[in-house]
Every structure is written in structure tokens, then in C-alpha cells.
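K.L.:
Structure incoming, see below.
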Amino acid sequence: MTEEFLFVKKLVDKHGTHREVLMPILQTVIEEKRFLSEVMMNEIALQLDISPAQVYGTATFYTFLDVENRGKYVIRICKSIIAEMKGKKEIQKALENRLKIKMGETTPDNMFTLLETNDIGWSDEEPSMLINEMPYTNLTPEKVISIINELQQN
Amino acid sequence: MNTQIKLTIDNIKVSVDYGTTILNAAKSLNIKIPTLCYHPDLCIAGNCRVCVVEQEGSRNLIAACATPAAEGMVIHTNSLRVRTARKAMLELLLSEHNSECTTCYKNTDCELQSLSAEYKITKNQLIDLVPYHHYTIDNYSPSIIKDDSKCIRCQRCVRTCEELQSVSALSVAYRGEKMKISTFAEKPMFDVICTNCGQCVNRCPVGALVENNYLDDVWEAIYNPNKHVVVQTAPAVRIALGEDLGIDHGTIVTGKMVAALKKLGFDAVLDTDFSADLTIMEEGTELLTRLKKTLVDKDPSVKLPMMTSCSPGWIKFLEHQFPQLLPNLSTCKSPQQMFGALAKTYYPKKKGINPADIVSVSIMPCTAKKFEANRPEMRSSGYQDVDYVLTTRELAVMIKQAGLDFNILEEEKFDTIMGDSTGAAVIFGASGGVMEAALRTAYEIVTGREVPFENLNILPVRGMDGVKEVDVKIEGTLPEWSFLEGATLKTAIAHGLVNAKKVMQLVASGEAAYHFIEIMACPGGCLGGGGQPIPTNPEIRMKRNKAIYEEDSGMVLRKSHDNPEVAAVYKEYLGAPNSHLAHELLHTHYTDRKKTEK
Amino acid sequence: MIDITNRNLKKTDVIFGECGHKDSGKLPILETIIKKEADEIIDEIIESGLKGRGGAGFPTGLKWKFCSMNPVSEKYVVCNADEGEPGTFKDRDILLKVPEKVFAGMAICGHVIGAKEGYLYLRGEYLFMVPKLNAILTWFNAKIKDLGYDFAISIRRGSGAYVCGEETALIESMEGKRGESRNKPPYPVAEGFRNKPTVINNVETFVDVAMIQKYGVECFKKLGTQDSRGSKVFSISGDTLKPGVYELEMGMKLSDFVDEFGDGDTKAVQVGGASGFCVPRKHFAETIIGFEGIPTGGSMMLFNSSRSMYNVLLNYLEFFADESCGQCTPCRVGCQQLVKGIEAVKSGKKDADYLNVLLKLTDAMKTTSKCGLGQSVANPCSSIIGNFVEEMIY
């Protein structure tokens, strides 16, 4: 009984094994584990009786269903044109400097992953970003640094 | 609802059945609309957009393959708008495609190339996108090479793997510009649940999925004076090879094929049909033994239903998906591997050749056979039993390379001592064939009489139904088999792994009470194998099927146990079916791959 | 909300106005509605002239009529809250402020077409709303059950894919698959979720339905123009001093809009998000925002003269190249060609004439793409290249 088996089993017991439940299951894994490991995808495939390639194919379609290692806090900076106009670059620089990583990377302590994403629905309050599911808006370089500081203290 | 739909295509009025697509409506008028993602074996994808046509009154063009004809539609298949759009589609596909056509394995056999030629795409102004994609080539598998730089994302392979085979080793992954056809986590095909059946290869319109070919290795062996090169030809090759050499579908070309192989320089041209007959002796005996052990001895270690083991795609499927049923598989090797084991033991012994000098080549309608030949357990002779496996298509290439005019070759006969066969072996190439052959022999062993079907033709096991169930009542048994008196032998036959899966689910759940099951990985059986000429489709499979049964009924010997060379190999070498030596050479074991994912 | 000063713009309060709330314990209008005949409701919605608020503008009443006529008994209502169009955020506010009205609209639809289940397909970016929405739904579902009406709404979430706003891609996603759009026909009203007849409408559309039922058809018809009835919720962003969500009457002149929201130096307005049209200053006065002019799902992005329209177009095209589902040739490859193409012209690797090749390409994409995503890439492309050609080259 691997950890992954039990994790998926719990979800399957709740949702069933129909193909429709693949999305909720993948979403739950992301919420709790931040990314989908190969072992996890294999386990999901096994318990839903679909092929591992189908799990992988579905996951990679969606921006938030990451199949690569992600930190405890996944930061996604909005890269829409409005965000760009309102100072997305400065926010990105501030985060890169503060976390000492580049876009697409994860901090060595596995706390933060820095990514870009398409419009997150806050063009009236750009620049904006998501940290896991929470939106942060009207960002300034000072504001993002204090957000990171706060998260680090938790 | 109207059952007939009237529409106008290119100014011709036509009436078609409700539900008919514009593509098929046009076809009924002999108007050809070009396609790429469409394949008659598969569900409609409508994604290549090459088949777009103009519908009067519609702002956008519509995909002919995906749009059902509607009452009063006025369609133009070759208007200026249509031609411009089609050219644009081809230019777009070419810009994303590695167009090194002259060095492509599919050069001149590529649907994209043909369409580009047809539409004279001579100056594509678009930017070459290939350098921007990090395309990879996967050539780890002995069976299949996957070259993403050639892929046009038509998804025929994905649909094949899912709809026909229920394997889904391939899936569409990522989206947008990064969208690609991928295995699980982009692992090599060799490392995933791929069965190597090659149905994807058979349907790939371009050179993205091709067989791993061994043409040069085989030529080298032929030209090596120190090697004795024996070749075996599978039952389904002889009824399809002609298609790649300009001969009509469903033409039997056995004699010409043998002549060609001899001209190519093989030292001995032998027949997998011989070992197919041998398989029946081994498998028939195994079945009767299993029946006795379960029904009389009540031995719990012996499993029923027994399942055939000729099809290596099917074997790997079961190893991955239903490992708990591996004890149900017949331990018999496939005819190819039985032949291979004898080709480096019995054959050299009889011919006075050093087995080390033998190169064993097989011609197969199959890509999974390439994998099978490379399995570590397939070295019973002390050598790799089968050195090279060529597909039907590769043989056609060799014949062309040698400059032979296949059509005018004088027919020749197989060499001895592994070249004789019966009609029972020929039908191995069709779904139901192994079952029919086994019944012809087993029934006679048990009753001393021929199977109670006219002219030995067990018609209920034949045909293209995905799953066939046939009951055979056993009456008038010989004393030795009296425990079977009055019993009904329950059999099932499935072809295409999607159908195999259905049967296996019944077996696994205990819902089905079969005694004997025949499974072939490919639709129609080997005649529709992944190594067969392209295209393969329902119509072509029917023609090949007809040819196989014609060949059977034209043969003097129709039952495996009547094969004189098979009788000889038992008498002079193996002893009896399922003997110790037979087990050593002709039987094998299987691997649970669920855990290893290999 | 900030006040409107331009007298030609009519601020309305249909969508966000008070009307039943969880805190008050009162359902919006449903008590009376479920006693009405389905046909009567359909006729009223048709009569109101309401068109879908997602952007495509299909007449809502007609859609419901097609679905209600379908004899299949299992049917579904889906609310499309996959608001992914760049520059759009009005559904966010609607769901945060008046979710009860959205659910009421869905329940009315369920009553009309004979569905027992409704789903809110919520974009992954709005995951933060789920706890609150679920709490309201628990109350709402119990409340309509008390009314003796067999209908329940639950949430299905997206996970970051713009194309899932396309209704058939949305259905695929709800079925646990890649969000690849389907071939049409069949349309969802015939074969949708689980291949059963399904009505899919935008968040705002459902609210409009509820409000038409509450205030009456005539009240709704008084707003807007002949072709564009009612009010519309706009998402206003970019070079404006007052970005945000505004509910305005349909059929306004773009010049009036710019007067109100521009920063005094507005060079262009992108109407309808990345997939919409770019209108340059010279056309502001003659442009009507509505189905008779430029329809919009509500996104209005303003650009002043300091902005490079090349950067704007490049940003949009990179967005499409990433967000295309990738299945059909024109959209998948076309988007990549457009990105690389305008970069090549800008950098001088291709001469200016190449822009014409690209415009022809967008024509082909428009007529051959499988779904609205690929079909609409031509809109920003032709309107930005056409109006700001110098910025593309120099």
C-alpha cells in the first residue's frame, strides 16, 4: 500500500471511477501535493482503468495541472498585455531577486516556484499574481516582497 | 425524420442516407475530397481541415469528413475559396513538418507528400517552424520508430490505439504550439504499455510512426557467404504482399513470393505455415490435457479457459493489463518462434549445418513479431532463435530493390524440411483461423472422426464480428476421451484488442464459462496486421479474408495433423506433442508487466 | 462604484441590483417562476431579444427552445464561468456579488428545458471563490428543494485553459478530458454534456434571464437598441483612470465610452478582448458597441499613445499560440506562424509585404478553424495590422 495508492483510493471512494472524475482527482492532487508525480499519475490511471498516457495527456492540457516538481507556494504572475503595461516586469524582477530563482524555477528548499500565466481575471487591478489559488492584485515590488516574507514566516 | 437527404455537390444532385457525411456523399459521385486525419477504421476527428468544402450560404468552410449532409445543401468541393484554403492547410502542415522527404523512410508512401504534389506546393512562403520545436526521435523499440518531427498531429495513431486496441499507449499531450503525440511522461515506446502491434504504423499518413526496419541487416546476411540464411513466411503475408507490388487486393501470391525470396538469395525458403501446423499439435494437445486435468483430475493449478498465444501484441497486452490471467495463456510459443527454435536445432542437424552459421529471418504481417523475436526467453536453441523480422512491407521493398518484376515471376514451391503445410495453417492469418484449425485436429483426436462441418469449414468461427462465440458439442468420443462425451466445448474468438479486452473482462470477473479462446491483436487477425501493406481498411480486410479461405479450400491437406513434415519432426526429433524436448523448444512463459510497466 | 459623467452613457443596475440573497434568506423570484409554463418563459425570453452575453450573441430564448423541444429526458444546464478572455473580469464580480441571481437563472433554465442538474463550470483562476459559492449553493439547493422543485447545482472546476470557454471544449473538460472542441453539428442543445441535450450560457446571461423574469420583458426591452437589447456588464482596463466593472446600456458609441473612460490620450480600444477588434481613434465616433456594431463579451482595453500596438498584437498572438487546443491545423500552426511572422517583419527578417501573407493566413484560419478560437484570431490581427501597419514594421 503505497502512499499514492491510499491517496487515490480515498478520492476514488469519494468520486467513483468514471472518466469524469479525472479532473476533480487531478485537481485535488494539485491542491494537496502541488504537482502530479509519475507514480501518482500511474496510480490514478490504474484505479480509473484508463491508460497512464491519457492521464498525462489530460494533465498537460491544463496550465495548473503541473507534471513537474513544484514548491509549496506556486506563484503565477499574470502576463497579459494589461499586466505588462502596469509593471509586470518589475514584479517579476522583484520576485526573482527576492527568491534568487528565475521564472520557471523552484527554490532549493522547495518552498516557492515562480511561473507566468495567462490572464487571471484581474485586469482592473494589475499587476497581479496567484499564489496557489489566492489572487494578489495591485502589486508593487515592495508589496510582493512583504508577501513573500510573510509566507516564509508561516 | 427523412431517411433520404437530397443535396447538391458540384452542381450534381444526389440523394444519400440520413447521417451520410459530405465526404461520403461526394465519394458516391466519384468526387474525391482530399483527407489526412480521416480513416475508415476510426471515429471522425475533423482536425486536419484539409477536407474543407464550401457550403453556399455559410460564412465558413466546413469539414466534409465531419459534417453530415443536410437537406438542400449546396456544396462546392473545388471552388477557389476551397482550393486556397486547402493549399493554406498544406502549407501550414508543411511548415511544422520535417520535410526531408528524400531521406524519409516513407518517401513516396506519404499522404502529405502526395497531397503537396497534387496541389503543387512549390513555394511555401511560411516560416519553417521545425527549428523552434524540440522534436525527438524514439528508436529504442525493436518494433516501432516514432519521429515527432514528421508528425502532423492528425491523431490517427491515438484513435487507433484507443478505439481499435483499447491500449492508449499514445495520447495527445500538451496544447497549442506544444501539442504533441506522446506516451506516458514522454517515455520511449519500449518502456510503456505499447503492445508493438503496429496498427498506428499502419495508419500513420506520414513518416512519424514507422516500423524499425532490418533491410540492410538482412541483405548483409544474404551476401555473407559464411551464413546459411533461412526465411519463413507467415500465413497472412502471401495474401497481401501483392498489394505493395501492383497486384489487386485479395490476390494469393504464394508461388511468386517463394520465387522472389529465392531470387533475393535466401538459402532456404521455408514456411511459418509448417510451424502453424506444429502449433496446432502442441496447442491442441495442451488444450485436451488442460481439459482432462481440470475436469477429471480437478487440478486447481491448471487454468481454463485456455487462450491462444500466437499473437505477440496480444501477449504483451495481457502481460500489462490482465497479468492475473497469464496462467490461462497457452504455453505454446507462436509459430514464428517455434519455427525459430527448430531452425537452429532440428533443421541444421538434419542438413548438417553448424547452427551458429544460420541466420533466421521471418517475414511477418506484424511489427510485434520484431519485439517477440528479441524477447530474452526466445533463445531456446542457444542462439537468438529468430534473428530478423521483416514486415510484409519490408519484403516488398526488398523485391523492388532487387529489381524483380514480381508479376511475371514463375511460381515456385517452398523448400523442405520445414516448408510443408496444410489449409489449417493458412487460416491462421484470419480471425477464427487458429480456432478452426485447432478444432479440426482436436475433434478428430477425441472422436476419431472429422469435425461435423461441411468440407471441414467451421463457418461460425469466421468473419469480422469483433467477438464470436461458438459451441461445439462432442459426441462419440474414443474410450480414452470418454470424460468429454456429450460435453459442449465453449469457445470464443476476438480480434482487435478492444474486443479482446471485453472478453478478458468477462473471464476475469468469472462471468464467462469458456474453455478455449482465440485472440488476435489486430482487427481481422494477422491479415489486418500492423506490418501489412498500407492502406488497410475494412474493405481490404474482407478481400484478404476471402483469399485466405480460398487458399485453404484449394489445398489437398486441410488438417494440421496430416502435415507429413510435422509428423516427421515428431518422429525424428521431438518425440510426441508436449514431450520434454517439445516443451523445451516450443513452449515458453510470460511476464507480469503491470508492476514493471515494460 | 465610480459614477458616470458622460450623459450619453446610461449606467444601469439590472445585474447588480438587489434581488434575493442568502443573508436575507430569500430566493430571487423563483417561487413564482416555477409555477409558470416553460413555453411562456421561452416566449418571454425570445420576446425580450436577449442574446448570449459571452460574446457570440446567440439568441438565448431560441437556444432554450431547441433544448426544451428535445424529447430526451436527461438534460443539463451549464453555466459557463470560464471567463478566460484577456481583459475580462465581469463574471468574477457577478459571482462575487450576486451569485444567487446566477443560480436563479440556471434554475429557471432547468425548469424550462426539464433538467435536474446544473453545473457551474468555474475557471481554475477563480478557485478562491469556491468555498463561498459552495456555501451559497448548499443553501440555494436546499431552498429550491423546499419549493418542491427537483433541481440542484454543483460546481465543476477548470484548471487553466482558455479554450474551455468554447462550449464543446468546456463539455469535454467536464467529462474529464482534454478541452478540445467537438465537431458541430451536433450542437450541445442536441448532444452536450454526457451526450445529452445541454444548455450552456454565460454567467451574465443567466442573470439577465432572472431579471427579465423579475422585472418583465418590457422593462428589459426598454434598455439598449433594436439589435442589442438590455444592459451589458463591461470589464474596463488598460489606460484608464477608473478600471473596473460597469453595467451600461447596450448600443453605446465608442466615442462616448472613450470620453468617459479614456485618459485623454486614447489611441485605440480593443473591444471584446484579445479575440475582439481593435478600433483606432479615427473610428471611435462611428463605432457602436453592440450586435449591430462590434459585439463584445464585455472586455474593453484602452491603449494610449505611449503604447506599442506591435507589443499588444504580439502579446495576444502568443496567448493564442499557447491557448489553442492544438488539434486543428489552422489554429495550431497558424498561431505559431503569426507570432513568428510579425516578429520577422519587425526585426527586418521579412519585408513588409509579408504582412499580406499573414493577413491571407488569418483569412484561412477564420474560414477553416474548427472552433471560435482559431476563427477569431483574424479579428485582432487584421484590425491591428490594418490600422497600425507602421508600428508593425518600424
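Chain labels A, B, ... are given in the sequence in which chains occur in the C-alpha cells; within each chain residues are numbered consecutively from 1, and ligands are likewise numbered from 1 in the order shown.
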Taking only C-alpha atoms into account, report as a list of chain:residue names which residues of chain C lie within 6 Å of chain A.

P.N.:
C:Pro86, C:Gly87, C:Phe89, C:Glu125, C:Leu127, C:Phe128, C:Ser159, C:Gly160, C:Ala161, C:Glu175, C:Gly176, C:Lys177, C:Arg178, C:Ser237, C:Gly238, C:Pro243, C:Gly244, C:Asn315

K.L.:
Need to verify the contact set: stretch 171-182 of chain B, 7 Å, only C-alpha atoms, exclusion of same-chain residues closer than 4 positions in sequence. Can you return it as a PyMOL selection string?

P.N.:
(chain A and resi 53-54+56-58+60-61) or (chain B and resi 153+158+186) or (chain C and resi 321-326+332+336)

K.L.:
With C-alpha atoms retained, export the selected residues as a PDB file, in the first residue's frame.

P.N.:
```pdb
ATOM      1  CA  ALA A  53      -0.765   8.290 -21.215  1.00  0.00           C
ATOM      2  CA  GLN A  54      -4.362   9.503 -21.051  1.00  0.00           C
ATOM      3  CA  TYR A  56      -0.644  12.549 -18.717  1.00  0.00           C
ATOM      4  CA  GLY A  57      -2.311  13.872 -21.871  1.00  0.00           C
ATOM      5  CA  THR A  58      -5.187  15.348 -19.900  1.00  0.00           C
ATOM      6  CA  THR A  60      -0.603  18.528 -19.626  1.00  0.00           C
ATOM      7  CA  PHE A  61      -3.513  20.205 -21.387  1.00  0.00           C
TER       8      PHE A  61
ATOM      9  CA  ARG B 153      -0.947  15.736 -35.316  1.00  0.00           C
ATOM     10  CA  VAL B 158      -4.084   7.998 -30.929  1.00  0.00           C
ATOM     11  CA  GLU B 186       7.223  11.025 -22.860  1.00  0.00           C
TER      12      GLU B 186
ATOM     13  CA  ALA C 321      -0.423  30.121 -29.725  1.00  0.00           C
ATOM     14  CA  ASP C 322      -0.305  28.894 -26.137  1.00  0.00           C
ATOM     15  CA  GLU C 323      -4.033  28.574 -25.566  1.00  0.00           C
ATOM     16  CA  SER C 324      -5.034  26.943 -28.856  1.00  0.00           C
ATOM     17  CA  CYS C 325      -6.053  23.403 -28.030  1.00  0.00           C
ATOM     18  CA  GLY C 326      -3.748  22.377 -30.833  1.00  0.00           C
ATOM     19  CA  ARG C 332      -2.305  25.325 -34.026  1.00  0.00           C
ATOM     20  CA  GLN C 336       2.675  29.993 -34.413  1.00  0.00           C
TER      21      GLN C 336
END
```

K.L.:
For chain B, which of C:Phe151, C:Phe320, C:Phe257, C:Phe284 is the closest residue, counting only C-alpha atoms?

P.N.:
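The shortest atom-to-atom distance to chain B comes from C:Phe320.
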
K.L.:
Would you please give, as a PDB file with C-alpha atoms, in the first residue's frame, all residues of stretch 5-145 of chain A that DSSP assigns to helix (DSSP H, G or I) based on the backbone?

P.N.:
```
ATOM      1  CA  PHE A   5      -2.390   4.205  -3.684  1.00  0.00           C
ATOM      2  CA  LEU A   6      -4.101   5.293  -0.490  1.00  0.00           C
ATOM      3  CA  PHE A   7      -4.332   8.887  -1.641  1.00  0.00           C
ATOM      4  CA  VAL A   8      -6.054   7.954  -4.891  1.00  0.00           C
ATOM      5  CA  LYS A   9      -8.150   5.268  -3.232  1.00  0.00           C
ATOM      6  CA  LYS A  10      -9.646   7.853  -0.915  1.00  0.00           C
ATOM      7  CA  LEU A  11     -10.582  10.057  -3.846  1.00  0.00           C
ATOM      8  CA  VAL A  12     -11.974   7.170  -5.847  1.00  0.00           C
ATOM      9  CA  ASP A  13     -14.097   6.128  -2.902  1.00  0.00           C
ATOM     10  CA  LYS A  14     -15.498   9.646  -2.802  1.00  0.00           C
ATOM     11  CA  HIS A  15     -15.919  10.364  -6.527  1.00  0.00           C
ATOM     12  CA  ARG A  19     -13.705   9.161 -16.532  1.00  0.00           C
ATOM     13  CA  GLU A  20     -15.489  12.355 -15.480  1.00  0.00           C
ATOM     14  CA  VAL A  21     -13.849  12.236 -12.080  1.00  0.00           C
ATOM     15  CA  LEU A  22     -10.371  12.515 -13.538  1.00  0.00           C
ATOM     16  CA  MET A  23     -10.420  16.310 -13.361  1.00  0.00           C
ATOM     17  CA  PRO A  24     -11.531  16.542  -9.712  1.00  0.00           C
ATOM     18  CA  ILE A  25      -8.943  13.919  -8.782  1.00  0.00           C
ATOM     19  CA  LEU A  26      -6.117  15.700 -10.589  1.00  0.00           C
ATOM     20  CA  GLN A  27      -7.229  18.982  -9.047  1.00  0.00           C
ATOM     21  CA  THR A  28      -7.194  17.532  -5.556  1.00  0.00           C
ATOM     22  CA  VAL A  29      -3.689  16.163  -6.057  1.00  0.00           C
ATOM     23  CA  ILE A  30      -2.540  19.603  -7.173  1.00  0.00           C
ATOM     24  CA  GLU A  31      -4.170  21.259  -4.180  1.00  0.00           C
ATOM     25  CA  GLU A  32      -2.513  18.922  -1.734  1.00  0.00           C
ATOM     26  CA  LYS A  33       0.739  17.971  -3.435  1.00  0.00           C
ATOM     27  CA  GLU A  38       4.680   9.897 -12.334  1.00  0.00           C
ATOM     28  CA  VAL A  39       3.849   7.463  -9.547  1.00  0.00           C
ATOM     29  CA  MET A  40       0.697   9.421  -8.769  1.00  0.00           C
ATOM     30  CA  MET A  41      -0.418   9.580 -12.409  1.00  0.00           C
ATOM     31  CA  ASN A  42       0.208   5.860 -12.778  1.00  0.00           C
ATOM     32  CA  GLU A  43      -1.838   5.164  -9.695  1.00  0.00           C
ATOM     33  CA  ILE A  44      -4.708   7.324 -10.940  1.00  0.00           C
ATOM     34  CA  ALA A  45      -4.628   5.531 -14.293  1.00  0.00           C
ATOM     35  CA  LEU A  46      -4.702   2.171 -12.579  1.00  0.00           C
ATOM     36  CA  GLN A  47      -7.630   2.972 -10.322  1.00  0.00           C
ATOM     37  CA  LEU A  48      -9.689   4.718 -13.035  1.00  0.00           C
ATOM     38  CA  PRO A  52      -1.262   6.454 -17.925  1.00  0.00           C
ATOM     39  CA  ALA A  53      -0.765   8.290 -21.215  1.00  0.00           C
ATOM     40  CA  GLN A  54      -4.362   9.503 -21.051  1.00  0.00           C
ATOM     41  CA  VAL A  55      -3.821  10.859 -17.558  1.00  0.00           C
ATOM     42  CA  TYR A  56      -0.644  12.549 -18.717  1.00  0.00           C
ATOM     43  CA  GLY A  57      -2.311  13.872 -21.871  1.00  0.00           C
ATOM     44  CA  THR A  58      -5.187  15.348 -19.900  1.00  0.00           C
ATOM     45  CA  ALA A  59      -2.984  16.848 -17.203  1.00  0.00           C
ATOM     46  CA  THR A  60      -0.603  18.528 -19.626  1.00  0.00           C
ATOM     47  CA  PHE A  61      -3.513  20.205 -21.387  1.00  0.00           C
ATOM     48  CA  ILE A  81      -0.895  42.870 -22.039  1.00  0.00           C
ATOM     49  CA  ILE A  82      -2.557  44.939 -19.331  1.00  0.00           C
ATOM     50  CA  ALA A  83      -0.292  43.361 -16.697  1.00  0.00           C
ATOM     51  CA  GLU A  84       2.710  44.158 -18.869  1.00  0.00           C
ATOM     52  CA  MET A  85       1.553  47.766 -19.197  1.00  0.00           C
ATOM     53  CA  LYS A  88       4.586  43.079 -14.580  1.00  0.00           C
ATOM     54  CA  LYS A  89       8.300  43.173 -15.360  1.00  0.00           C
ATOM     55  CA  GLU A  90       9.160  44.980 -12.122  1.00  0.00           C
ATOM     56  CA  ILE A  91       7.139  42.486 -10.129  1.00  0.00           C
ATOM     57  CA  GLN A  92       8.892  39.621 -11.847  1.00  0.00           C
ATOM     58  CA  LYS A  93      12.310  41.160 -11.170  1.00  0.00           C
ATOM     59  CA  ALA A  94      11.474  41.778  -7.521  1.00  0.00           C
ATOM     60  CA  LEU A  95      10.383  38.166  -7.083  1.00  0.00           C
ATOM     61  CA  GLU A  96      13.356  36.758  -8.951  1.00  0.00           C
ATOM     62  CA  ASN A  97      15.743  38.800  -6.832  1.00  0.00           C
ATOM     63  CA  ARG A  98      13.986  38.063  -3.587  1.00  0.00           C
ATOM     64  CA  LEU A  99      13.728  34.310  -4.214  1.00  0.00           C
ATOM     65  CA  SER A 123      -7.038  43.333 -15.412  1.00  0.00           C
ATOM     66  CA  ASP A 124      -8.608  46.110 -13.335  1.00  0.00           C
ATOM     67  CA  GLU A 125      -6.028  45.536 -10.613  1.00  0.00           C
ATOM     68  CA  PRO A 141       7.747  45.413  -5.825  1.00  0.00           C
ATOM     69  CA  GLU A 142       7.566  46.311  -2.114  1.00  0.00           C
ATOM     70  CA  LYS A 143       4.241  44.560  -1.720  1.00  0.00           C
ATOM     71  CA  VAL A 144       5.393  41.274  -3.264  1.00  0.00           C
ATOM     72  CA  ILE A 145       8.473  41.198  -1.055  1.00  0.00           C
TER      73      ILE A 145
END
```

K.L.:
For atom CA of B:Leu93 and atom CA of C:Ser173, quote the distance in Å rounded to one decimal.

P.N.:
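That distance, rounded to one decimal, is 26.8 Å.
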
K.L.:
Can you check which residues of chain B have any atom within 9 Å of chain C? Use only C-alpha atoms and format it as a PyMOL selection string.

P.N.:
chain B and resi 44-50+52+59-63+66-68+81+84-86+88-90+92-93+95-96+125-129+152-155+172-180

K.L.:
May I have the residues within 9 Å of B:Thr77 as a VMD selection string, using only C-alpha atoms and disregarding those fewer than 6 positions away in the same chain?

P.N.:
chain B and resid 9 to 10 26 31 to 33 51 to 55 64 83

K.L.:
Would you mind listing what lies within 10 Å of stretch 586-592 of chain B as a PyMOL selection string, with only C-alpha atoms counted and same-chain residues fewer than 5 positions away left out?

P.N.:
chain B and resi 275+278-279+282-283+309+315-316+318-327+329-335+337-342+377-378+380+574+577-581+597-598

K.L.:
As a list in words, list the residues of stretch 69-141 of chain A assigned to strand (DSSP E) by DSSP on the backbone atoms of this structure.

P.N.:
Tyr73, Val74, Ile75, Arg76, Ile77, Cys78, Phe112, Thr113, Leu114, Leu115, Glu116, Thr117, Met129, Leu130, Ile131, Met134, Pro135 and Tyr136 of chain A

K.L.:
Find the residues near A:Ile147: any atom within 10 Å, counting only C-alpha atoms, skip ones fewer than 5 places away on the same chain, and give them as a ChimeraX atom specification.

P.N.:
/A:131,136,139,142,152

K.L.:
Can I get the selection written as a PDB file, in the first residue's frame, with C-alpha atoms?

P.N.:
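Saved result, again25.pdb, follows:
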```
ATOM      1  CA  ILE A 131      -0.090  32.136  -5.103  1.00  0.00           C
ATOM      2  CA  TYR A 136      -2.869  39.069  -5.135  1.00  0.00           C
ATOM      3  CA  LEU A 139       1.101  44.617  -6.775  1.00  0.00           C
ATOM      4  CA  GLU A 142       7.566  46.311  -2.114  1.00  0.00           C
ATOM      5  CA  GLN A 152       8.245  32.433   4.771  1.00  0.00           C
TER       6      GLN A 152
END
```

K.L.:
Please list as a ChimeraX atom specification every residue within 6 Å of C:Ser48, counting only C-alpha atoms and excluding residues in the same chain fewer than 2 positions away.

P.N.:
/C:45-46,50,217,221
